[in-house]
Amino acid sequence: MQGTVTMYSTTWCGYCRRLKSQLEREGIAYTEINIEQDPESAAFVEKANGGNQTVPTVLVVPAGGGEDVVMTNPSLAQVKQALAV
């Protein structure tokens, strides 16, 4: 069983588009939230990034019950590693 991946992004973010295409290519399901349309998500991203709205910010909740992992502009390998915990 795989954990869950939530990607906080914007429509103009090139790094977000790149990570989305990599996740799709690898068959990793994710939920995307546009922080420009969701103030609560924007606040979460700011809290995770020292007050900055840096995207992509990715939240991974491992299936095995490990701790949630929040990453800023992670590589595909980092997302896969967080899911494997």
# chains A, B, ... in the order shown; residues from 1 in each chain; ligands from 1
>>> residues_around(residues="stretch 22-35 of chain A", least_positions_apart="5", cutoff="12 Å", atoms="only C-alpha atoms", output="JSON, numbers by chain")
{"A": [1, 2, 3, 4, 5, 6, 7, 8, 9, 10, 11, 12, 13, 15, 16, 17, 40, 41, 42, 43, 44, 45, 46, 52, 53, 54, 55, 56, 57, 58, 59, 60, 61, 74, 75, 76, 77, 78, 79, 80, 83]}
>>> atom_distance(atom1="atom CA of A:Lys20", atom2="atom CA of A:Pro39")
21.6 Å
>>> select_by_dssp(residues="stretch 8-81 of chain A", states="strand (DSSP E)", output="JSON, numbers by chain")
{"A": [8, 9, 31, 32, 33, 34, 57, 58, 59, 60, 61, 69, 70, 71, 72]}
>>> atom_distance(atom1="atom CA of A:Ala63", atom2="atom CA of A:Gly50")
27.3 Å
>>> select_by_dssp(residues="chain A", states="alpha helix (DSSP H)", output="ChimeraX atom specification")
/A:14-26,39-48,76-83
